[in-house]
$ cat query16.pdb   # PDB, C-alpha atoms
ATOM      1  CA  MET W   1    -107.297-199.581  40.117
ATOM      2  CA  VAL W   2    -107.617-202.469  37.642
ATOM      3  CA  GLU W   3    -106.496-205.776  39.113
ATOM      4  CA  LYS W   4    -103.845-207.658  37.142
ATOM      5  CA  LYS W   5    -104.788-211.330  37.187
ATOM      6  CA  PHE W   6    -102.666-214.363  36.403
ATOM      7  CA  LYS W   7    -102.672-215.343  32.721
ATOM      8  CA  THR W   8    -101.867-218.804  31.375
ATOM      9  CA  LEU W   9     -99.404-219.175  28.496
ATOM     10  CA  ASP W  10    -102.356-219.705  26.120
ATOM     11  CA  GLU W  11    -103.964-216.514  27.389
ATOM     12  CA  GLN W  12    -100.708-214.607  26.982
ATOM     13  CA  ILE W  13    -100.485-215.760  23.368
ATOM     14  CA  SER W  14    -104.089-214.702  22.821
ATOM     15  CA  ILE W  15    -103.295-211.224  24.131
ATOM     16  CA  PHE W  16    -100.392-210.894  21.710
ATOM     17  CA  ARG W  17    -102.564-212.032  18.803
ATOM     18  CA  SER W  18    -105.359-209.675  19.798
ATOM     19  CA  LYS W  19    -102.833-206.872  19.370
ATOM     20  CA  ASN W  20    -101.944-207.968  15.832
ATOM     21  CA  MET W  21     -98.794-209.957  16.608
ATOM     22  CA  VAL W  22     -98.014-212.901  14.335
ATOM     23  CA  ILE W  23     -97.230-216.137  16.178
ATOM     24  CA  HIS W  24     -96.264-218.968  13.832
ATOM     25  CA  ASN W  25     -95.325-221.622  16.378
ATOM     26  CA  GLU W  26     -97.345-221.766  19.582
ATOM     27  CA  GLU W  27     -95.072-224.326  21.249
ATOM     28  CA  TYR W  28     -92.048-222.127  20.631
ATOM     29  CA  ALA W  29     -93.989-219.105  21.889
ATOM     30  CA  LYS W  30     -94.935-220.943  25.100
ATOM     31  CA  LYS W  31     -91.321-221.964  25.676
ATOM     32  CA  VAL W  32     -90.133-218.358  25.270
ATOM     33  CA  LEU W  33     -92.873-216.932  27.476
ATOM     34  CA  LEU W  34     -92.292-219.514  30.220
ATOM     35  CA  ARG W  35     -88.546-218.939  30.317
ATOM     36  CA  GLU W  36     -88.418-215.189  29.750
ATOM     37  CA  ASN W  37     -91.641-213.868  31.344
ATOM     38  CA  TYR W  38     -94.405-212.120  29.398
ATOM     39  CA  PHE W  39     -93.974-208.915  31.398
ATOM     40  CA  PHE W  40     -90.248-208.599  30.644
ATOM     41  CA  LEU W  41     -90.641-209.514  26.973
ATOM     42  CA  ASN W  42     -93.527-207.077  26.594
ATOM     43  CA  GLY W  43     -91.245-204.303  27.815
ATOM     44  CA  TYR W  44     -89.613-204.282  24.370
ATOM     45  CA  ARG W  45     -92.822-203.683  22.442
ATOM     46  CA  HIS W  46     -92.679-199.916  21.957
ATOM     47  CA  LEU W  47     -90.747-199.751  18.675
ATOM     48  CA  PHE W  48     -93.132-202.275  17.140
ATOM     49  CA  LEU W  49     -96.384-200.498  18.029
ATOM     50  CA  ASN W  50     -98.762-198.390  15.982
ATOM     51  CA  PRO W  51    -100.237-195.232  17.526
ATOM     52  CA  ASN W  52    -103.281-197.273  18.551
ATOM     53  CA  LYS W  53    -101.058-199.630  20.595
ATOM     54  CA  THR W  54    -101.449-202.565  18.219
ATOM     55  CA  TYR W  55     -98.426-204.215  16.629
ATOM     56  CA  LYS W  56     -97.366-203.118  13.167
ATOM     57  CA  ASP W  57     -98.476-205.492  10.438
ATOM     58  CA  GLY W  58     -96.157-208.481  10.171
ATOM     59  CA  THR W  59     -94.578-208.155  13.623
ATOM     60  CA  THR W  60     -93.685-211.622  14.901
ATOM     61  CA  LEU W  61     -92.854-212.907  18.349
ATOM     62  CA  GLU W  62     -89.428-213.867  16.990
ATOM     63  CA  GLU W  63     -88.741-210.259  16.035
ATOM     64  CA  LEU W  64     -89.755-208.947  19.452
ATOM     65  CA  TYR W  65     -87.655-211.660  21.080
ATOM     66  CA  SER W  66     -84.649-210.731  18.933
ATOM     67  CA  LEU W  67     -84.680-207.212  20.409
ATOM     68  CA  PHE W  68     -84.994-208.735  23.885
ATOM     69  CA  LEU W  69     -81.974-210.985  23.222
ATOM     70  CA  PHE W  70     -79.982-208.118  21.734
ATOM     71  CA  ASP W  71     -80.511-206.066  24.867
ATOM     72  CA  ARG W  72     -79.389-209.007  27.010
ATOM     73  CA  THR W  73     -76.194-209.347  24.976
ATOM     74  CA  PHE W  74     -75.610-205.605  24.943
ATOM     75  CA  ARG W  75     -76.239-205.427  28.689
ATOM     76  CA  ASN W  76     -73.682-208.170  29.353
ATOM     77  CA  ILE W  77     -71.102-206.409  27.172
ATOM     78  CA  CYS W  78     -71.587-203.131  29.031
ATOM     79  CA  PHE W  79     -71.739-204.820  32.430
ATOM     80  CA  LYS W  80     -68.339-206.486  32.182
ATOM     81  CA  ASN W  81     -66.770-203.159  31.173
ATOM     82  CA  LEU W  82     -68.550-201.310  33.959
ATOM     83  CA  LEU W  83     -67.147-203.853  36.410
ATOM     84  CA  ILE W  84     -63.658-203.131  35.073
ATOM     85  CA  ILE W  85     -64.217-199.405  35.600
ATOM     86  CA  GLU W  86     -65.617-200.043  39.088
ATOM     87  CA  ASN W  87     -62.653-202.185  40.088
ATOM     88  CA  ASN W  88     -60.146-199.683  38.666
ATOM     89  CA  PHE W  89     -61.778-196.810  40.532
ATOM     90  CA  LYS W  90     -61.908-198.711  43.818
ATOM     91  CA  SER W  91     -58.239-199.644  43.456
ATOM     92  CA  ILE W  92     -57.153-196.070  42.692
ATOM     93  CA  LEU W  93     -59.266-194.580  45.490
ATOM     94  CA  SER W  94     -58.067-197.060  48.106
ATOM     95  CA  TYR W  95     -54.429-196.572  47.070
ATOM     96  CA  GLN W  96     -54.579-192.789  47.207
ATOM     97  CA  LEU W  97     -56.377-192.626  50.555
ATOM     98  CA  SER W  98     -54.355-195.404  52.204
ATOM     99  CA  LYS W  99     -51.114-193.736  51.154
ATOM    100  CA  LYS W 100     -52.232-190.445  52.690
ATOM    101  CA  TYR W 101     -54.308-191.427  55.722
ATOM    102  CA  GLY W 102     -53.237-194.939  56.673
ATOM    103  CA  TYR W 103     -54.455-198.473  56.063
ATOM    104  CA  LYS W 104     -56.397-199.170  59.276
ATOM    105  CA  GLU W 105     -60.080-198.236  59.433
ATOM    106  CA  LYS W 106     -59.530-196.127  62.554
ATOM    107  CA  GLU W 107     -57.125-194.067  60.444
ATOM    108  CA  TYR W 108     -58.786-193.791  57.025
ATOM    109  CA  LEU W 109     -62.323-193.342  58.416
ATOM    110  CA  ARG W 110     -61.553-190.293  60.531
ATOM    111  CA  PRO W 111     -64.049-187.483  59.815
ATOM    112  CA  LYS W 112     -61.202-184.972  59.495
ATOM    113  CA  ASN W 113     -59.986-186.824  56.382
ATOM    114  CA  PHE W 114     -63.056-185.652  54.498
ATOM    115  CA  THR W 115     -64.458-182.319  53.353
ATOM    116  CA  ASN W 116     -65.222-179.735  56.023
ATOM    117  CA  LYS W 117     -67.789-177.882  53.920
ATOM    118  CA  PRO W 118     -70.776-177.019  56.175
ATOM    119  CA  GLY W 119     -73.379-178.442  53.799
ATOM    120  CA  LYS W 120     -71.582-181.789  53.604
ATOM    121  CA  GLN W 121     -71.124-182.653  57.292
ATOM    122  CA  ARG W 122     -74.328-184.692  57.604
ATOM    123  CA  GLN W 123     -73.425-186.635  54.472
ATOM    124  CA  VAL W 124     -69.910-187.326  55.807
ATOM    125  CA  SER W 125     -71.318-188.600  59.093
ATOM    126  CA  ASP W 126     -73.944-190.802  57.422
ATOM    127  CA  LEU W 127     -71.510-192.319  54.942
ATOM    128  CA  LEU W 128     -68.911-193.137  57.571
ATOM    129  CA  LYS W 129     -71.643-194.931  59.541
ATOM    130  CA  LYS W 130     -72.543-196.954  56.427
ATOM    131  CA  MET W 131     -68.917-197.952  55.893
ATOM    132  CA  LYS W 132     -68.399-198.918  59.539
ATOM    133  CA  ARG W 133     -71.576-200.980  59.359
ATOM    134  CA  GLN W 134     -70.201-202.810  56.303
ATOM    135  CA  ILE W 135     -67.036-203.556  58.274
ATOM    136  CA  ARG W 136     -69.099-205.064  61.110
ATOM    137  CA  ILE W 137     -71.257-207.101  58.747
ATOM    138  CA  ASN W 138     -68.518-208.374  56.452
ATOM    139  CA  SER W 139     -65.818-209.013  59.026
ATOM    140  CA  ASN W 140     -67.388-212.453  59.520
ATOM    141  CA  GLN W 141     -69.160-212.993  56.190
ATOM    142  CA  HIS W 142     -66.589-212.255  53.489
ATOM    143  CA  ALA W 143     -63.418-214.342  53.176
ATOM    144  CA  ALA W 144     -61.017-211.446  52.574
ATOM    145  CA  THR W 145     -62.396-209.153  55.289
ATOM    146  CA  GLN W 146     -62.641-212.047  57.751
ATOM    147  CA  HIS W 147     -59.015-212.983  57.057
ATOM    148  CA  TYR W 148     -57.758-209.494  57.885
ATOM    149  CA  ALA W 149     -60.072-209.057  60.867
ATOM    150  CA  ASP W 150     -59.056-212.408  62.377
ATOM    151  CA  ASN W 151     -55.333-212.260  61.633
ATOM    152  CA  TYR W 152     -54.518-208.560  61.819
ATOM    153  CA  GLY W 153     -57.350-206.960  63.760
ATOM    154  CA  TYR W 154     -58.197-204.426  61.054
ATOM    155  CA  ILE W 155     -59.533-204.271  57.482
ATOM    156  CA  PRO W 156     -57.492-202.170  55.023
ATOM    157  CA  LEU W 157     -59.366-199.917  52.640
ATOM    158  CA  TRP W 158     -58.127-201.883  49.625
ATOM    159  CA  ILE W 159     -59.949-204.903  51.069
ATOM    160  CA  LEU W 160     -63.001-203.014  52.309
ATOM    161  CA  VAL W 161     -63.792-201.552  48.863
ATOM    162  CA  LYS W 162     -64.340-205.101  47.634
ATOM    163  CA  VAL W 163     -67.527-205.350  49.694
ATOM    164  CA  LEU W 164     -68.668-201.745  49.262
ATOM    165  CA  SER W 165     -71.160-200.988  46.506
ATOM    166  CA  PHE W 166     -70.189-198.786  43.570
ATOM    167  CA  GLY W 167     -72.798-196.328  44.853
ATOM    168  CA  ILE W 168     -71.192-196.037  48.293
ATOM    169  CA  VAL W 169     -67.685-195.655  46.879
ATOM    170  CA  SER W 170     -68.947-193.046  44.403
ATOM    171  CA  GLU W 171     -70.539-191.121  47.252
ATOM    172  CA  MET W 172     -67.298-191.420  49.170
ATOM    173  CA  TYR W 173     -65.522-189.596  46.341
ATOM    174  CA  SER W 174     -68.077-186.768  46.571
ATOM    175  CA  ILE W 175     -67.154-186.042  50.201
ATOM    176  CA  LEU W 176     -63.382-186.177  49.805
ATOM    177  CA  LYS W 177     -61.241-183.104  50.182
ATOM    178  CA  GLU W 178     -60.663-181.290  46.906
ATOM    179  CA  ASP W 179     -56.987-182.224  46.694
ATOM    180  CA  ASP W 180     -57.865-185.904  47.169
ATOM    181  CA  GLN W 181     -60.517-185.698  44.452
ATOM    182  CA  LYS W 182     -57.962-184.111  42.164
ATOM    183  CA  ALA W 183     -55.368-186.793  42.898
ATOM    184  CA  ILE W 184     -57.866-189.492  41.901
ATOM    185  CA  SER W 185     -59.464-187.785  38.885
ATOM    186  CA  SER W 186     -56.062-186.797  37.486
ATOM    187  CA  ILE W 187     -55.281-190.499  36.979
ATOM    188  CA  TYR W 188     -58.062-190.432  34.381
ATOM    189  CA  GLU W 189     -56.935-187.035  33.046
ATOM    190  CA  LEU W 190     -60.288-185.562  34.049
ATOM    191  CA  SER W 191     -61.250-182.642  36.246
ATOM    192  CA  PRO W 192     -62.601-183.522  39.718
ATOM    193  CA  ASP W 193     -66.034-182.110  38.821
ATOM    194  CA  ILE W 194     -66.364-184.009  35.543
ATOM    195  CA  PHE W 195     -65.241-187.267  37.130
ATOM    196  CA  GLY W 196     -67.603-186.692  40.050
ATOM    197  CA  MET W 197     -70.474-186.154  37.618
ATOM    198  CA  TYR W 198     -69.699-189.420  35.808
ATOM    199  CA  LEU W 199     -69.600-191.647  38.883
ATOM    200  CA  PRO W 200     -73.330-191.726  39.797
ATOM    201  CA  ILE W 201     -74.198-192.271  36.124
ATOM    202  CA  LEU W 202     -71.847-195.248  36.019
ATOM    203  CA  ALA W 203     -73.211-196.599  39.301
ATOM    204  CA  ASN W 204     -76.755-196.289  37.950
ATOM    205  CA  TYR W 205     -75.906-198.217  34.778
ATOM    206  CA  ARG W 206     -73.960-200.808  36.739
ATOM    207  CA  ASN W 207     -77.016-201.525  38.902
ATOM    208  CA  LEU W 208     -79.336-201.491  35.897
ATOM    209  CA  CYS W 209     -77.208-204.143  34.203
ATOM    210  CA  ALA W 210     -76.879-206.225  37.370
ATOM    211  CA  HIS W 211     -80.668-206.335  37.763
ATOM    212  CA  GLU W 212     -81.257-207.055  34.056
ATOM    213  CA  ASP W 213     -83.394-203.995  33.417
ATOM    214  CA  ILE W 214     -83.911-202.672  29.894
ATOM    215  CA  LEU W 215     -80.683-200.981  28.838
ATOM    216  CA  TYR W 216     -80.756-199.990  25.177
ATOM    217  CA  GLU W 217     -83.334-197.194  25.541
ATOM    218  CA  ASN W 218     -82.511-196.119  29.088
ATOM    219  CA  LYS W 219     -82.324-192.402  29.824
ATOM    220  CA  THR W 220     -80.611-191.017  32.912
ATOM    221  CA  GLN W 221     -81.728-188.015  34.925
ATOM    222  CA  LYS W 222     -78.219-186.587  34.855
ATOM    223  CA  VAL W 223     -77.006-185.032  31.600
ATOM    224  CA  ILE W 224     -73.300-185.055  30.775
ATOM    225  CA  ASN W 225     -71.458-181.971  29.561
ATOM    226  CA  ASN W 226     -70.801-181.332  25.892
ATOM    227  CA  THR W 227     -67.507-182.930  24.915
ATOM    228  CA  VAL W 228     -65.053-182.842  22.045
ATOM    229  CA  TYR W 229     -66.489-186.224  21.026
ATOM    230  CA  HIS W 230     -69.907-184.702  20.366
ATOM    231  CA  GLN W 231     -68.227-182.073  18.245
ATOM    232  CA  LEU W 232     -65.908-184.348  16.242
ATOM    233  CA  LEU W 233     -68.690-186.838  15.520
ATOM    234  CA  LYS W 234     -70.775-183.900  14.283
ATOM    235  CA  ILE W 235     -73.781-184.974  16.305
ATOM    236  CA  PRO W 236     -76.784-182.855  15.215
ATOM    237  CA  LYS W 237     -78.371-180.359  17.553
ATOM    238  CA  SER W 238     -81.910-179.329  18.389
ATOM    239  CA  SER W 239     -82.448-175.977  20.114
ATOM    240  CA  GLU W 240     -78.663-175.698  20.508
ATOM    241  CA  GLU W 241     -78.484-179.028  22.357
ATOM    242  CA  TYR W 242     -76.965-182.249  21.041
ATOM    243  CA  ILE W 243     -79.680-184.822  20.365
ATOM    244  CA  TYR W 244     -77.449-187.829  21.117
ATOM    245  CA  GLY W 245     -74.882-188.602  23.772
ATOM    246  CA  LYS W 246     -76.256-186.519  26.632
ATOM    247  CA  ASN W 247     -78.361-188.777  28.883
ATOM    248  CA  ASP W 248     -78.685-191.896  26.728
ATOM    249  CA  VAL W 249     -76.625-195.051  26.293
ATOM    250  CA  PHE W 250     -74.283-193.267  23.901
ATOM    251  CA  ALA W 251     -73.468-190.861  26.738
ATOM    252  CA  LEU W 252     -72.386-193.958  28.676
ATOM    253  CA  PHE W 253     -70.109-194.896  25.770
ATOM    254  CA  ILE W 254     -68.598-191.402  25.775
ATOM    255  CA  ILE W 255     -67.874-191.806  29.486
ATOM    256  CA  MET W 256     -66.387-195.280  29.027
ATOM    257  CA  LYS W 257     -64.228-193.944  26.182
ATOM    258  CA  GLN W 258     -62.509-191.778  28.792
ATOM    259  CA  LEU W 259     -62.200-194.388  31.552
ATOM    260  CA  LEU W 260     -61.264-197.604  29.734
ATOM    261  CA  ASP W 261     -57.915-198.183  28.099
ATOM    262  CA  LYS W 262     -57.866-198.096  24.303
ATOM    263  CA  GLU W 263     -57.801-201.863  23.807
ATOM    264  CA  LYS W 264     -60.764-202.508  26.087
ATOM    265  CA  PHE W 265     -62.821-199.704  24.561
ATOM    266  CA  ASN W 266     -62.108-200.972  21.051
ATOM    267  CA  SER W 267     -63.277-204.429  22.126
ATOM    268  CA  LEU W 268     -66.433-202.858  23.577
ATOM    269  CA  VAL W 269     -67.187-201.231  20.220
ATOM    270  CA  ILE W 270     -66.479-204.389  18.219
ATOM    271  CA  GLU W 271     -68.636-206.591  20.447
ATOM    272  CA  THR W 272     -71.467-204.053  20.413
ATOM    273  CA  ASP W 273     -71.286-203.770  16.624
ATOM    274  CA  ASN W 274     -71.484-207.564  16.283
ATOM    275  CA  ALA W 275     -74.600-207.603  18.469
ATOM    276  CA  ILE W 276     -76.142-204.803  16.398
ATOM    277  CA  GLN W 277     -75.419-206.642  13.141
ATOM    278  CA  THR W 278     -77.070-209.795  14.480
ATOM    279  CA  LEU W 279     -80.134-207.835  15.510
ATOM    280  CA  SER W 280     -80.271-206.063  12.142
ATOM    281  CA  TYR W 281     -80.422-209.431  10.363
ATOM    282  CA  ASN W 282     -83.396-210.498  12.502
ATOM    283  CA  LEU W 283     -85.442-207.309  12.128
ATOM    284  CA  LYS W 284     -88.176-207.168   9.473
ATOM    285  CA  THR W 285     -90.901-204.799  10.688
ATOM    286  CA  ILE W 286     -88.598-202.094  12.001
ATOM    287  CA  SER W 287     -85.077-201.095  10.959
ATOM    288  CA  ILE W 288     -81.839-201.164  12.894
ATOM    289  CA  GLU W 289     -81.804-197.363  12.520
ATOM    290  CA  ASP W 290     -84.942-197.262  14.665
ATOM    291  CA  VAL W 291     -83.101-199.124  17.414
ATOM    292  CA  LEU W 292     -79.932-197.020  17.148
ATOM    293  CA  LYS W 293     -81.982-193.843  17.403
ATOM    294  CA  ARG W 294     -83.620-195.184  20.550
ATOM    295  CA  MET W 295     -80.164-195.915  21.953
ATOM    296  CA  GLY W 296     -78.947-192.419  21.133
ATOM    297  CA  PHE W 297     -76.329-193.824  18.755
ATOM    298  CA  PRO W 298     -75.504-191.597  15.757
ATOM    299  CA  ASN W 299     -74.925-193.390  12.453
ATOM    300  CA  ASN W 300     -71.165-192.879  12.783
ATOM    301  CA  TRP W 301     -71.015-194.074  16.405
ATOM    302  CA  LYS W 302     -68.180-196.546  15.710
ATOM    303  CA  GLU W 303     -65.865-193.667  14.849
ATOM    304  CA  LEU W 304     -65.731-192.899  18.571
ATOM    305  CA  LYS W 305     -63.010-195.533  18.946
ATOM    306  CA  ASN W 306     -60.839-193.789  16.342
ATOM    307  CA  ILE W 307     -60.843-190.406  18.073
ATOM    308  CA  GLU W 308     -57.694-189.885  20.089
ATOM    309  CA  ARG W 309     -58.222-189.232  23.764
ATOM    310  CA  SER W 310     -57.879-185.536  24.598
ATOM    311  CA  ASN W 311     -56.895-184.093  27.971
ATOM    312  CA  ASP W 312     -59.476-181.371  27.397
ATOM    313  CA  ILE W 313     -62.691-183.263  26.787
ATOM    314  CA  ASN W 314     -64.955-180.253  27.134
ATOM    315  CA  GLU W 315     -66.162-178.760  23.888
TER     316      GLU W 315
END
$ encode --input "query16.pdb" --output "structure tokens"
Amino acid sequence: MVEKKFKTLDEQISIFRSKNMVIHNEEYAKKVLLRENYFFLNGYRHLFLNPNKTYKDGTTLEELYSLFLFDRTFRNICFKNLLIIENNFKSILSYQLSKKYGYKEKEYLRPKNFTNKPGKQRQVSDLLKKMKRQIRINSNQHAATQHYADNYGYIPLWILVKVLSFGIVSEMYSILKEDDQKAISSIYELSPDIFGMYLPILANYRNLCAHEDILYENKTQKVINNTVYHQLLKIPKSSEEYIYGKNDVFALFIIMKQLLDKEKFNSLVIETDNAIQTLSYNLKTISIEDVLKRMGFPNNWKELKNIERSNDINE
């Protein structure tokens, strides 16, 4: 295994130049590298590289940095909308379950409230332990949970979900009884299975954004079903499979189209388009089409906001 040794800012600049990158202003380059980290900035290199791993002629640090900054802006736009979806889901789930099973943890965390499918019993047991552990931890560390624990002697589910991760709450949905899943998913006018498939994808993107990982070219392991949106946007196919909107960032947009209200989704599209236009202005070596393709965005992606929501989203 080759050891990765510390490199000074001057050495980092030399590495870039050795790979055919143009650096006009070394002081500016050092400032960017010090603040943003060579490793993170270098993660955006792929679109700018030749087959031999050198940069395409004329590629500048500013151009690479512009893609880095675009992804940061795009990530922040998606993150705030994912937080809206997370909060909405937690509110709906806690309302539905509290209404049916009670608002004290000894009531809503009873094993009998969850699925009795044989293959799910271990998962039910493990998840209930996780939730009870969060109650113990947060009863003295979080203002809202501490308030209820100290003054009422219990923590309602609508308070508990505030300190539960999106991942835990998503898993909680997967072990609910079928009629409870239906009650929740019907609020979104989705089937329980489709909604259940979306949740881990959303949780994955939420965590990716929170940890500032590369978003624009991210691919998920899970693939979403074909939808009416794929069809109406006339997304091209390869081997009978749509080439965009399946496990890329555009698939995330298709999901958010179904979970956000119309006004918020339209704002998401407008803000994303503004970020794309800014990036397009700063690109010289590559085109904005190269970036959109990497994102899984078809050329007519903005038309997604003009398609009326359909109760039957499956193609």
$ residues_near_point --input "query16.pdb" --point "(-66.8, -194.3, 28.2)" --cutoff "12 Å" --atoms "only C-alpha atoms" --output "PDB file with C-alpha atoms, in the frame of the given file"
ATOM      1  CA  CYS W  78     -71.587-203.131  29.031  1.00  0.00           C
ATOM      2  CA  ASN W  81     -66.770-203.159  31.173  1.00  0.00           C
ATOM      3  CA  LEU W  82     -68.550-201.310  33.959  1.00  0.00           C
ATOM      4  CA  ILE W  84     -63.658-203.131  35.073  1.00  0.00           C
ATOM      5  CA  ILE W  85     -64.217-199.405  35.600  1.00  0.00           C
ATOM      6  CA  TYR W 188     -58.062-190.432  34.381  1.00  0.00           C
ATOM      7  CA  PHE W 195     -65.241-187.267  37.130  1.00  0.00           C
ATOM      8  CA  TYR W 198     -69.699-189.420  35.808  1.00  0.00           C
ATOM      9  CA  LEU W 199     -69.600-191.647  38.883  1.00  0.00           C
ATOM     10  CA  ILE W 201     -74.198-192.271  36.124  1.00  0.00           C
ATOM     11  CA  LEU W 202     -71.847-195.248  36.019  1.00  0.00           C
ATOM     12  CA  TYR W 205     -75.906-198.217  34.778  1.00  0.00           C
ATOM     13  CA  ILE W 224     -73.300-185.055  30.775  1.00  0.00           C
ATOM     14  CA  THR W 227     -67.507-182.930  24.915  1.00  0.00           C
ATOM     15  CA  TYR W 229     -66.489-186.224  21.026  1.00  0.00           C
ATOM     16  CA  GLY W 245     -74.882-188.602  23.772  1.00  0.00           C
ATOM     17  CA  VAL W 249     -76.625-195.051  26.293  1.00  0.00           C
ATOM     18  CA  PHE W 250     -74.283-193.267  23.901  1.00  0.00           C
ATOM     19  CA  ALA W 251     -73.468-190.861  26.738  1.00  0.00           C
ATOM     20  CA  LEU W 252     -72.386-193.958  28.676  1.00  0.00           C
ATOM     21  CA  PHE W 253     -70.109-194.896  25.770  1.00  0.00           C
ATOM     22  CA  ILE W 254     -68.598-191.402  25.775  1.00  0.00           C
ATOM     23  CA  ILE W 255     -67.874-191.806  29.486  1.00  0.00           C
ATOM     24  CA  MET W 256     -66.387-195.280  29.027  1.00  0.00           C
ATOM     25  CA  LYS W 257     -64.228-193.944  26.182  1.00  0.00           C
ATOM     26  CA  GLN W 258     -62.509-191.778  28.792  1.00  0.00           C
ATOM     27  CA  LEU W 259     -62.200-194.388  31.552  1.00  0.00           C
ATOM     28  CA  LEU W 260     -61.264-197.604  29.734  1.00  0.00           C
ATOM     29  CA  ASP W 261     -57.915-198.183  28.099  1.00  0.00           C
ATOM     30  CA  LYS W 262     -57.866-198.096  24.303  1.00  0.00           C
ATOM     31  CA  LYS W 264     -60.764-202.508  26.087  1.00  0.00           C
ATOM     32  CA  PHE W 265     -62.821-199.704  24.561  1.00  0.00           C
ATOM     33  CA  ASN W 266     -62.108-200.972  21.051  1.00  0.00           C
ATOM     34  CA  LEU W 268     -66.433-202.858  23.577  1.00  0.00           C
ATOM     35  CA  VAL W 269     -67.187-201.231  20.220  1.00  0.00           C
ATOM     36  CA  LEU W 304     -65.731-192.899  18.571  1.00  0.00           C
ATOM     37  CA  LYS W 305     -63.010-195.533  18.946  1.00  0.00           C
ATOM     38  CA  ARG W 309     -58.222-189.232  23.764  1.00  0.00           C
ATOM     39  CA  ILE W 313     -62.691-183.263  26.787  1.00  0.00           C
TER      40      ILE W 313
END
$ residues_around --input "query16.pdb" --residues "W:Tyr216" --least-positions-apart "2" --cutoff "8 Å" --atoms "all atoms listed in the file" --output "PDB file with C-alpha atoms, in the frame of the given file"
ATOM      1  CA  ASP W  71     -80.511-206.066  24.867  1.00  0.00           C
ATOM      2  CA  PHE W  74     -75.610-205.605  24.943  1.00  0.00           C
ATOM      3  CA  ARG W  75     -76.239-205.427  28.689  1.00  0.00           C
ATOM      4  CA  ILE W 214     -83.911-202.672  29.894  1.00  0.00           C
ATOM      5  CA  ASN W 218     -82.511-196.119  29.088  1.00  0.00           C
ATOM      6  CA  VAL W 249     -76.625-195.051  26.293  1.00  0.00           C
ATOM      7  CA  ARG W 294     -83.620-195.184  20.550  1.00  0.00           C
ATOM      8  CA  MET W 295     -80.164-195.915  21.953  1.00  0.00           C
TER       9      MET W 295
END
$ resolve_selection --input "query16.pdb" --expression "the PyMOL selection byres ((chain W and resi 61) around 7)" --output "PDB file with C-alpha atoms, in the coordinates of the input"
ATOM      1  CA  MET W  21     -98.794-209.957  16.608  1.00  0.00           C
ATOM      2  CA  VAL W  22     -98.014-212.901  14.335  1.00  0.00           C
ATOM      3  CA  ILE W  23     -97.230-216.137  16.178  1.00  0.00           C
ATOM      4  CA  THR W  59     -94.578-208.155  13.623  1.00  0.00           C
ATOM      5  CA  THR W  60     -93.685-211.622  14.901  1.00  0.00           C
ATOM      6  CA  GLU W  62     -89.428-213.867  16.990  1.00  0.00           C
ATOM      7  CA  GLU W  63     -88.741-210.259  16.035  1.00  0.00           C
ATOM      8  CA  LEU W  64     -89.755-208.947  19.452  1.00  0.00           C
ATOM      9  CA  TYR W  65     -87.655-211.660  21.080  1.00  0.00           C
TER      10      TYR W  65
END
$ closest_residue --input "query16.pdb" --among "W:Ile77, W:Ile175, W:Val169, W:Leu157" --to "W:Val124" --atoms "all atoms listed in the file"
W:Ile175
$ closest_residue --input "query16.pdb" --among "W:Thr8, W:Glu217, W:Ile288, W:Lys90" --to "W:Leu34" --atoms "all atoms listed in the file"
W:Thr8
$ closest_atom_pairs --input "query16.pdb" --of "stretch 45-104 of chain W" --to "stretch 136-154 of chain W" --cutoff "12 Å" --atoms "only C-alpha atoms" --output "tab-separated table"
residue	atom	partner	partner_atom	distance
W:Gly102	CA	W:Tyr154	CA	11.6
W:Tyr103	CA	W:Tyr154	CA	8.6
W:Lys104	CA	W:Tyr154	CA	5.8
$ residues_near_point --input "query16.pdb" --point "(-87.5, -206.2, 29.5)" --cutoff "7 Å" --atoms "all atoms listed in the file" --output "list of chain:residue names"
W:Phe40, W:Leu41, W:Asn42, W:Gly43, W:Tyr44, W:Phe68, W:Asp213, W:Ile214
$ closest_residue --input "query16.pdb" --among "W:Lys129, W:Ser239, W:Thr278, W:Asn204" --to "W:Leu69" --atoms "all atoms listed in the file"
W:Thr278
$ residues_around --input "query16.pdb" --residues "W:Gln221" --least-positions-apart "2" --cutoff "8 Å" --atoms "only C-alpha atoms" --output "list in words"
Lys219, Val223 and Asn247 of chain W
$ write_last_selection --input "query16.pdb" --atoms "C-alpha atoms" --output "short mmCIF file (atom, residue, chain, number, x, y, z; two decimals), in the coordinates of the input"
data_model
loop_
_atom_site.label_atom_id
_atom_site.label_comp_id
_atom_site.auth_asym_id
_atom_site.auth_seq_id
_atom_site.Cartn_x
_atom_site.Cartn_y
_atom_site.Cartn_z
CA LYS W 219 -82.32 -192.40 29.82
CA VAL W 223 -77.01 -185.03 31.60
CA ASN W 247 -78.36 -188.78 28.88
#
$ atom_distance --input "query16.pdb" --atom1 "atom CA of W:His46" --atom2 "atom CA of W:Ile15"
15.7 Å
$ closest_residue --input "query16.pdb" --among "W:Asn88, W:Gly167, W:Leu292, W:Phe39" --to "W:Lys4" --atoms "only C-alpha atoms"
W:Phe39
$ residues_around --input "query16.pdb" --residues "W:Glu105" --least-positions-apart "2" --cutoff "7 Å" --atoms "all atoms listed in the file" --output "PyMOL selection string"
chain W and resi 103+107-109+154-156
$ axis_aligned_box --input "query16.pdb" --around "stretch 15-19 of chain W" --padding-each-side "3 Å" --output "AutoDock Vina command-line options"
--center_x -102.9 --center_y -209.5 --center_z 21.5 --size_x 11.0 --size_y 11.2 --size_z 11.3
$ closest_residue --input "query16.pdb" --among "W:Lys56, W:Arg72, W:Asp126, W:Leu49" --to "W:Glu212" --atoms "all atoms listed in the file"
W:Arg72
$ atom_distance --input "query16.pdb" --atom1 "atom CA of W:Leu33" --atom2 "atom CA of W:Ile13"
8.7 Å
$ atom_distance --input "query16.pdb" --atom1 "atom CA of W:Glu303" --atom2 "atom CA of W:Ile92"
29.3 Å
